[in-house]
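Coordinates from upload.txt are shown below (compact mmCIF, N, CA and C atoms).
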```txt
# COMPACT_ATOMS: atom_id res chain seq x y z
N MET A 14 7.15 -8.01 25.43
CA MET A 14 6.66 -7.55 24.13
C MET A 14 7.38 -8.35 23.05
N SER A 15 6.63 -8.86 22.09
CA SER A 15 7.21 -9.68 21.03
C SER A 15 8.01 -8.83 20.06
N ASP A 16 8.89 -9.48 19.30
CA ASP A 16 9.70 -8.77 18.30
C ASP A 16 8.82 -8.13 17.24
N ASP A 17 7.74 -8.84 16.84
CA ASP A 17 6.82 -8.29 15.85
C ASP A 17 6.16 -7.02 16.35
N GLN A 18 5.77 -7.02 17.63
CA GLN A 18 5.12 -5.83 18.20
C GLN A 18 6.12 -4.68 18.30
N LYS A 19 7.36 -4.98 18.68
CA LYS A 19 8.39 -3.94 18.75
C LYS A 19 8.62 -3.32 17.38
N LEU A 20 8.70 -4.17 16.35
CA LEU A 20 8.90 -3.68 15.00
C LEU A 20 7.72 -2.83 14.55
N ALA A 21 6.52 -3.28 14.86
CA ALA A 21 5.32 -2.51 14.50
C ALA A 21 5.32 -1.16 15.20
N ASP A 22 5.72 -1.13 16.47
CA ASP A 22 5.79 0.13 17.21
C ASP A 22 6.83 1.07 16.62
N GLU A 23 7.97 0.51 16.20
CA GLU A 23 9.02 1.33 15.58
C GLU A 23 8.53 1.96 14.28
N TRP A 24 7.83 1.16 13.46
CA TRP A 24 7.29 1.69 12.21
C TRP A 24 6.26 2.78 12.49
N ALA A 25 5.40 2.53 13.45
CA ALA A 25 4.36 3.51 13.76
C ALA A 25 4.97 4.82 14.22
N ALA A 26 5.99 4.72 15.06
CA ALA A 26 6.64 5.93 15.54
C ALA A 26 7.37 6.64 14.42
N ALA A 27 8.06 5.88 13.57
CA ALA A 27 8.83 6.48 12.49
C ALA A 27 7.96 7.17 11.47
N LEU A 28 6.80 6.63 11.21
CA LEU A 28 5.92 7.19 10.20
C LEU A 28 4.95 8.21 10.77
N GLY A 29 5.01 8.43 12.09
CA GLY A 29 4.15 9.43 12.69
C GLY A 29 2.70 9.01 12.77
N ALA A 30 2.46 7.69 12.74
CA ALA A 30 1.08 7.20 12.76
C ALA A 30 0.42 7.45 14.12
N GLN A 31 1.24 7.54 15.17
CA GLN A 31 0.66 7.74 16.49
C GLN A 31 0.28 9.19 16.73
N GLU A 32 0.86 10.11 15.98
CA GLU A 32 0.49 11.50 16.16
C GLU A 32 -0.32 11.95 14.96
N GLY A 33 -1.16 12.91 15.13
CA GLY A 33 -1.97 13.41 14.03
C GLY A 33 -3.33 12.75 13.95
N ALA A 34 -3.62 11.82 14.84
CA ALA A 34 -4.95 11.18 14.94
C ALA A 34 -5.58 10.89 13.59
N GLY A 35 -4.95 10.00 12.84
CA GLY A 35 -5.54 9.58 11.58
C GLY A 35 -5.11 10.42 10.40
N GLN A 36 -4.18 11.32 10.58
CA GLN A 36 -3.70 12.15 9.48
C GLN A 36 -2.25 11.80 9.21
N ILE A 37 -1.92 11.56 7.97
CA ILE A 37 -0.54 11.35 7.55
C ILE A 37 -0.27 12.33 6.45
N GLU A 38 0.50 13.35 6.75
CA GLU A 38 0.85 14.40 5.80
C GLU A 38 -0.36 14.88 4.99
N GLY A 39 -1.42 15.24 5.69
CA GLY A 39 -2.58 15.81 5.03
C GLY A 39 -3.52 14.79 4.40
N VAL A 40 -3.21 13.52 4.49
CA VAL A 40 -4.08 12.49 3.92
C VAL A 40 -4.89 11.89 5.06
N ALA A 41 -6.20 11.94 4.95
CA ALA A 41 -7.06 11.36 5.99
C ALA A 41 -7.00 9.84 5.89
N VAL A 42 -6.80 9.19 7.02
CA VAL A 42 -6.72 7.74 7.06
C VAL A 42 -7.76 7.24 8.04
N GLU A 43 -8.67 6.40 7.57
CA GLU A 43 -9.66 5.82 8.46
C GLU A 43 -9.11 4.53 9.02
N GLN A 44 -9.14 4.42 10.33
CA GLN A 44 -8.71 3.21 10.99
C GLN A 44 -9.88 2.23 11.02
N PHE A 45 -9.64 0.96 10.68
CA PHE A 45 -10.69 -0.05 10.76
C PHE A 45 -10.65 -0.63 12.15
N ASP A 46 -11.76 -0.55 12.84
CA ASP A 46 -11.88 -1.08 14.18
C ASP A 46 -13.03 -2.07 14.18
N GLU A 47 -12.74 -3.33 14.45
CA GLU A 47 -13.76 -4.36 14.37
C GLU A 47 -14.93 -4.10 15.30
N ASP A 48 -14.70 -3.36 16.41
CA ASP A 48 -15.76 -3.11 17.37
C ASP A 48 -16.57 -1.87 17.04
N SER A 49 -16.09 -1.04 16.14
CA SER A 49 -16.81 0.19 15.84
C SER A 49 -17.74 -0.04 14.66
N SER A 50 -18.78 0.77 14.61
CA SER A 50 -19.74 0.65 13.52
C SER A 50 -19.37 1.60 12.41
N SER A 51 -19.90 1.34 11.24
CA SER A 51 -19.69 2.19 10.08
C SER A 51 -20.29 3.56 10.33
N ALA A 52 -19.79 4.58 9.66
CA ALA A 52 -20.34 5.92 9.80
C ALA A 52 -21.75 5.98 9.23
N LYS A 53 -22.05 5.10 8.27
CA LYS A 53 -23.37 5.11 7.63
C LYS A 53 -24.42 4.48 8.53
N ALA A 54 -24.19 3.26 8.97
CA ALA A 54 -25.14 2.56 9.83
C ALA A 54 -24.42 1.39 10.47
N PRO A 55 -24.84 1.00 11.66
CA PRO A 55 -24.20 -0.15 12.30
C PRO A 55 -24.42 -1.42 11.48
N LEU A 56 -23.43 -2.30 11.49
CA LEU A 56 -23.54 -3.56 10.76
C LEU A 56 -24.40 -4.53 11.55
N SER A 57 -25.23 -5.26 10.83
CA SER A 57 -26.02 -6.30 11.48
C SER A 57 -25.12 -7.48 11.79
N VAL A 58 -25.61 -8.38 12.61
CA VAL A 58 -24.83 -9.58 12.96
C VAL A 58 -24.50 -10.37 11.70
N GLU A 59 -25.46 -10.48 10.79
CA GLU A 59 -25.23 -11.22 9.53
C GLU A 59 -24.16 -10.52 8.69
N GLU A 60 -24.24 -9.20 8.59
CA GLU A 60 -23.25 -8.45 7.81
C GLU A 60 -21.87 -8.57 8.45
N ARG A 61 -21.81 -8.54 9.77
CA ARG A 61 -20.53 -8.69 10.49
C ARG A 61 -19.92 -10.05 10.19
N LYS A 62 -20.75 -11.11 10.19
CA LYS A 62 -20.25 -12.45 9.90
C LYS A 62 -19.71 -12.53 8.47
N LYS A 63 -20.41 -11.90 7.52
CA LYS A 63 -19.94 -11.89 6.13
C LYS A 63 -18.60 -11.17 6.03
N LEU A 64 -18.50 -10.04 6.70
CA LEU A 64 -17.26 -9.27 6.67
C LEU A 64 -16.13 -10.06 7.32
N ASP A 65 -16.39 -10.66 8.48
CA ASP A 65 -15.38 -11.44 9.18
C ASP A 65 -14.87 -12.61 8.34
N SER A 66 -15.74 -13.16 7.48
CA SER A 66 -15.35 -14.32 6.68
C SER A 66 -14.33 -13.97 5.60
N ILE A 67 -14.21 -12.70 5.23
CA ILE A 67 -13.25 -12.34 4.19
C ILE A 67 -12.01 -11.61 4.72
N LEU A 68 -12.02 -11.19 5.97
CA LEU A 68 -10.91 -10.39 6.49
C LEU A 68 -9.58 -11.13 6.53
N ASP A 69 -9.58 -12.45 6.60
CA ASP A 69 -8.33 -13.21 6.67
C ASP A 69 -7.88 -13.75 5.32
N ILE A 70 -8.54 -13.37 4.24
CA ILE A 70 -8.13 -13.82 2.91
C ILE A 70 -6.85 -13.09 2.52
N PRO A 71 -5.80 -13.83 2.19
CA PRO A 71 -4.54 -13.17 1.82
C PRO A 71 -4.62 -12.50 0.45
N VAL A 72 -3.99 -11.36 0.33
CA VAL A 72 -3.87 -10.65 -0.95
C VAL A 72 -2.40 -10.33 -1.17
N THR A 73 -2.05 -10.10 -2.42
CA THR A 73 -0.67 -9.75 -2.75
C THR A 73 -0.58 -8.25 -2.96
N ILE A 74 0.28 -7.60 -2.19
CA ILE A 74 0.49 -6.16 -2.34
C ILE A 74 1.84 -5.96 -3.00
N THR A 75 1.86 -5.12 -4.03
CA THR A 75 3.06 -4.89 -4.83
C THR A 75 3.33 -3.40 -4.91
N MET A 76 4.58 -3.01 -4.75
CA MET A 76 4.99 -1.63 -4.94
C MET A 76 5.78 -1.57 -6.23
N GLU A 77 5.29 -0.82 -7.20
CA GLU A 77 5.92 -0.77 -8.51
C GLU A 77 6.68 0.55 -8.69
N VAL A 78 7.98 0.42 -8.87
CA VAL A 78 8.82 1.59 -9.12
C VAL A 78 8.61 2.09 -10.54
N GLY A 79 8.43 1.18 -11.45
CA GLY A 79 8.23 1.52 -12.85
C GLY A 79 8.35 0.26 -13.68
N HIS A 80 8.26 0.42 -14.99
CA HIS A 80 8.42 -0.73 -15.87
C HIS A 80 9.04 -0.28 -17.19
N ALA A 81 9.48 -1.26 -17.93
CA ALA A 81 10.09 -1.00 -19.24
C ALA A 81 9.83 -2.18 -20.15
N LYS A 82 9.75 -1.94 -21.44
CA LYS A 82 9.63 -3.01 -22.42
C LYS A 82 10.94 -3.07 -23.18
N ILE A 83 11.50 -4.28 -23.24
CA ILE A 83 12.73 -4.47 -23.99
C ILE A 83 12.58 -5.75 -24.82
N SER A 84 13.38 -5.85 -25.84
CA SER A 84 13.34 -7.05 -26.68
C SER A 84 14.06 -8.21 -25.99
N ILE A 85 13.75 -9.40 -26.44
CA ILE A 85 14.42 -10.58 -25.89
C ILE A 85 15.93 -10.48 -26.14
N ARG A 86 16.32 -9.93 -27.29
CA ARG A 86 17.74 -9.77 -27.60
C ARG A 86 18.43 -8.93 -26.53
N ASN A 87 17.80 -7.80 -26.18
CA ASN A 87 18.39 -6.94 -25.14
C ASN A 87 18.32 -7.60 -23.76
N LEU A 88 17.26 -8.35 -23.50
CA LEU A 88 17.14 -9.06 -22.23
C LEU A 88 18.28 -10.05 -22.05
N LEU A 89 18.61 -10.77 -23.11
CA LEU A 89 19.68 -11.76 -23.04
C LEU A 89 21.06 -11.13 -22.89
N GLN A 90 21.18 -9.86 -23.24
CA GLN A 90 22.46 -9.17 -23.12
C GLN A 90 22.69 -8.56 -21.74
N LEU A 91 21.68 -8.60 -20.87
CA LEU A 91 21.82 -8.02 -19.54
C LEU A 91 22.78 -8.84 -18.70
N ASN A 92 23.59 -8.15 -17.93
CA ASN A 92 24.48 -8.82 -16.99
C ASN A 92 24.65 -7.90 -15.78
N GLN A 93 25.45 -8.35 -14.84
CA GLN A 93 25.65 -7.58 -13.62
C GLN A 93 26.17 -6.18 -13.96
N GLY A 94 25.52 -5.17 -13.41
CA GLY A 94 25.90 -3.79 -13.68
C GLY A 94 25.09 -3.13 -14.79
N SER A 95 24.29 -3.92 -15.53
CA SER A 95 23.45 -3.35 -16.57
C SER A 95 22.41 -2.42 -15.94
N VAL A 96 22.02 -1.40 -16.68
CA VAL A 96 21.01 -0.46 -16.22
C VAL A 96 19.83 -0.52 -17.18
N ILE A 97 18.64 -0.63 -16.62
CA ILE A 97 17.42 -0.63 -17.43
C ILE A 97 16.69 0.66 -17.13
N GLU A 98 16.42 1.43 -18.17
CA GLU A 98 15.73 2.71 -18.00
C GLU A 98 14.23 2.46 -17.87
N LEU A 99 13.64 3.03 -16.83
CA LEU A 99 12.20 2.89 -16.60
C LEU A 99 11.48 4.10 -17.15
N GLU A 100 10.17 3.97 -17.36
CA GLU A 100 9.38 5.05 -17.93
C GLU A 100 9.13 6.15 -16.90
N ARG A 101 9.34 5.86 -15.65
CA ARG A 101 9.03 6.78 -14.56
C ARG A 101 10.22 7.69 -14.24
N LEU A 102 9.93 8.94 -13.92
CA LEU A 102 10.97 9.90 -13.56
C LEU A 102 11.38 9.72 -12.11
N ALA A 103 12.63 10.06 -11.80
CA ALA A 103 13.10 10.00 -10.42
C ALA A 103 12.26 10.95 -9.57
N GLY A 104 11.87 10.50 -8.40
CA GLY A 104 11.09 11.32 -7.50
C GLY A 104 9.59 11.16 -7.65
N GLU A 105 9.13 10.50 -8.71
CA GLU A 105 7.70 10.26 -8.88
C GLU A 105 7.24 9.23 -7.85
N PRO A 106 5.97 9.32 -7.42
CA PRO A 106 5.49 8.34 -6.45
C PRO A 106 5.41 6.93 -7.05
N LEU A 107 5.56 5.95 -6.17
CA LEU A 107 5.44 4.55 -6.57
C LEU A 107 3.97 4.18 -6.65
N ASP A 108 3.65 3.18 -7.46
CA ASP A 108 2.29 2.65 -7.52
C ASP A 108 2.18 1.52 -6.49
N VAL A 109 1.10 1.52 -5.74
CA VAL A 109 0.82 0.46 -4.78
C VAL A 109 -0.36 -0.33 -5.34
N LEU A 110 -0.12 -1.61 -5.64
CA LEU A 110 -1.15 -2.46 -6.24
C LEU A 110 -1.51 -3.60 -5.30
N VAL A 111 -2.79 -3.93 -5.25
CA VAL A 111 -3.26 -5.11 -4.52
C VAL A 111 -3.88 -6.03 -5.53
N ASN A 112 -3.30 -7.23 -5.63
CA ASN A 112 -3.72 -8.21 -6.64
C ASN A 112 -3.78 -7.58 -8.03
N GLY A 113 -2.81 -6.72 -8.33
CA GLY A 113 -2.70 -6.13 -9.66
C GLY A 113 -3.55 -4.89 -9.88
N THR A 114 -4.32 -4.45 -8.88
CA THR A 114 -5.17 -3.28 -9.02
C THR A 114 -4.55 -2.10 -8.27
N LEU A 115 -4.41 -0.98 -8.96
CA LEU A 115 -3.85 0.21 -8.34
C LEU A 115 -4.77 0.70 -7.24
N ILE A 116 -4.23 0.83 -6.01
CA ILE A 116 -5.05 1.32 -4.90
C ILE A 116 -4.49 2.60 -4.29
N ALA A 117 -3.20 2.89 -4.56
CA ALA A 117 -2.59 4.06 -3.93
C ALA A 117 -1.27 4.41 -4.61
N HIS A 118 -0.76 5.57 -4.23
CA HIS A 118 0.59 5.99 -4.60
C HIS A 118 1.34 6.24 -3.31
N GLY A 119 2.65 6.06 -3.34
CA GLY A 119 3.42 6.25 -2.12
C GLY A 119 4.86 6.57 -2.40
N GLU A 120 5.58 6.78 -1.31
CA GLU A 120 7.01 7.07 -1.39
C GLU A 120 7.77 6.11 -0.50
N VAL A 121 9.01 5.84 -0.86
CA VAL A 121 9.84 4.90 -0.11
C VAL A 121 10.33 5.59 1.16
N VAL A 122 10.27 4.84 2.27
CA VAL A 122 10.85 5.29 3.53
C VAL A 122 11.76 4.18 4.04
N VAL A 123 12.70 4.53 4.89
CA VAL A 123 13.60 3.55 5.48
C VAL A 123 13.52 3.70 7.00
N VAL A 124 13.24 2.57 7.67
CA VAL A 124 13.19 2.54 9.12
C VAL A 124 14.02 1.35 9.57
N ASN A 125 15.03 1.62 10.39
CA ASN A 125 15.90 0.55 10.90
C ASN A 125 16.42 -0.35 9.79
N ASP A 126 16.93 0.25 8.73
CA ASP A 126 17.54 -0.47 7.61
C ASP A 126 16.56 -1.34 6.82
N LYS A 127 15.26 -1.09 6.95
CA LYS A 127 14.27 -1.81 6.15
C LYS A 127 13.46 -0.80 5.36
N PHE A 128 13.10 -1.19 4.12
CA PHE A 128 12.29 -0.33 3.27
C PHE A 128 10.82 -0.44 3.65
N GLY A 129 10.11 0.63 3.43
CA GLY A 129 8.67 0.64 3.61
C GLY A 129 8.08 1.65 2.64
N ILE A 130 6.77 1.77 2.64
CA ILE A 130 6.07 2.71 1.77
C ILE A 130 5.16 3.58 2.62
N ARG A 131 5.27 4.89 2.45
CA ARG A 131 4.34 5.83 3.06
C ARG A 131 3.33 6.19 1.98
N LEU A 132 2.06 5.90 2.23
CA LEU A 132 1.02 6.20 1.25
C LEU A 132 0.80 7.71 1.19
N THR A 133 0.83 8.24 -0.01
CA THR A 133 0.65 9.68 -0.19
C THR A 133 -0.68 10.00 -0.84
N ASP A 134 -1.27 9.04 -1.55
CA ASP A 134 -2.54 9.26 -2.22
C ASP A 134 -3.24 7.91 -2.36
N VAL A 135 -4.44 7.80 -1.82
CA VAL A 135 -5.20 6.56 -1.91
C VAL A 135 -6.29 6.75 -2.97
N ILE A 136 -6.36 5.81 -3.90
CA ILE A 136 -7.34 5.87 -4.98
C ILE A 136 -8.72 5.58 -4.39
N SER A 137 -9.71 6.40 -4.73
CA SER A 137 -11.05 6.21 -4.18
C SER A 137 -11.69 4.95 -4.76
N GLN A 138 -12.67 4.41 -4.04
CA GLN A 138 -13.36 3.21 -4.50
C GLN A 138 -14.06 3.47 -5.84
N VAL A 139 -14.60 4.66 -6.01
CA VAL A 139 -15.30 5.00 -7.26
C VAL A 139 -14.32 4.94 -8.43
N GLU A 140 -13.12 5.50 -8.26
CA GLU A 140 -12.12 5.48 -9.33
C GLU A 140 -11.68 4.05 -9.63
N ARG A 141 -11.52 3.21 -8.60
CA ARG A 141 -11.11 1.83 -8.81
C ARG A 141 -12.18 1.06 -9.58
N ILE A 142 -13.44 1.29 -9.26
CA ILE A 142 -14.53 0.60 -9.96
C ILE A 142 -14.59 1.04 -11.41
N LYS A 143 -14.36 2.33 -11.67
CA LYS A 143 -14.36 2.83 -13.06
C LYS A 143 -13.29 2.15 -13.89
N LYS A 144 -12.12 1.90 -13.30
CA LYS A 144 -11.03 1.26 -14.03
C LYS A 144 -11.34 -0.21 -14.34
N LEU A 145 -12.19 -0.84 -13.53
CA LEU A 145 -12.54 -2.24 -13.78
C LEU A 145 -13.48 -2.39 -14.97
N GLN A 146 -14.23 -1.35 -15.29
CA GLN A 146 -15.24 -1.45 -16.36
C GLN A 146 -14.64 -1.36 -17.73
```
Let's see the structure in the file written out as structure tokens.
Amino acid sequence: MSDDQKLADEWAAALGAQEGAGQIEGVAVEQFDEDSSSAKAPLSVEERKKLDSILDIPVTITMEVGHAKISIRNLLQLNQGSVIELERLAGEPLDVLVNGTLIAHGEVVVVNDKFGIRLTDVISQVERIKKLQ
């Protein structure tokens, strides 16, 4: 078993992804299976080819703890040990963005000394489209 597979298995076990059959703390999670058809209707061969052509496109995923606006004067005064106050309260969920678009909220988890994000709320496609308009 490769190191990547071992790490993936550790994360899955730590986050409880293997138990609960698609449920993570009350949030329904649909697993994408290339061999399964959509709940609406099976994909045609042409639709499958179109979908396959975009599945390997890389995207940037960002977890945002919060943000702050400061003046350049204050920015230049920052040094080791400086603290920047964020607009977000301690304990609030993090924003999960893909290519700058909010797709979910989550909380920080630690597995084997590495940080990760457990998604607690996924933004619906309808809400994401509304924000684009």
Separation of atom C of Val123 of chain A from atom C of Ile136 of chain A, in Å and rounded to one decimal: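 Interatomic distance, atom C of Val123 of chain A to atom C of Ile136 of chain A: 25.1 Å.
You can rank A:Arg86, A:Lys127, A:Arg101, A:Lys144 by their closest distance to Gly113 of chain A using only C-alpha atoms, and at the top of that list sits A:Lys144.
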Atomic distance atom CA of Leu115 of chain A - atom CA of Lys62 of chain A, expressed in Å with one decimal: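 Separation between atom CA of Leu115 of chain A and atom CA of Lys62 of chain A: 27.6 Å.
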Option closest in space to Ile70 of chain A, from A:Gln138, A:Thr133, A:Gln93, A:Asn112 [counting only C-alpha atoms]: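 Of A:Gln138, A:Thr133, A:Gln93, A:Asn112, the one nearest Ile70 of chain A is A:Asn112, counting only C-alpha atoms.
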Contacts of segment 74-76 of chain A within 5 Å, all atoms listed in the file, excl. fewer than 4 positions in-chain, as number ranges by chain: A: 108-112
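Atom CA of Ala117 of chain A is found 27.0 Å from atom CA of Val96 of chain A.
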Test item: axis-aligned box, all listed atoms of segment 122-136 of chain A, 5 Å on each side, centre and edges in Å rounded to one decimal, as AutoDock Vina command-line options:
```
--center_x 4.4 --center_y 4.1 --center_z 3.0 --size_x 36.3 --size_y 21.8 --size_z 25.9
```
8 Å contact set for Gly129 of chain A, all atoms listed in the file, chain neighbours under 4 positions out, as a ChimeraX atom specification: /A:119-124
Option closest in space to His118 of chain A, from A:Lys63, A:Arg131, A:Arg141, A:Lys82 [counting all atoms listed in the file]: A:Arg131
Distance criterion (only C-alpha atoms): nearest to Glu140 of chain A out of A:Thr73, A:Phe128, A:Arg61, A:Thr114: A:Thr114
Using only N, CA and C atoms: which of A:Ile67, A:Asn125, A:Val78, A:Leu88 has the shortest distance to Leu102 of chain A: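 For Leu102 of chain A, the nearest of the candidates is A:Val78.
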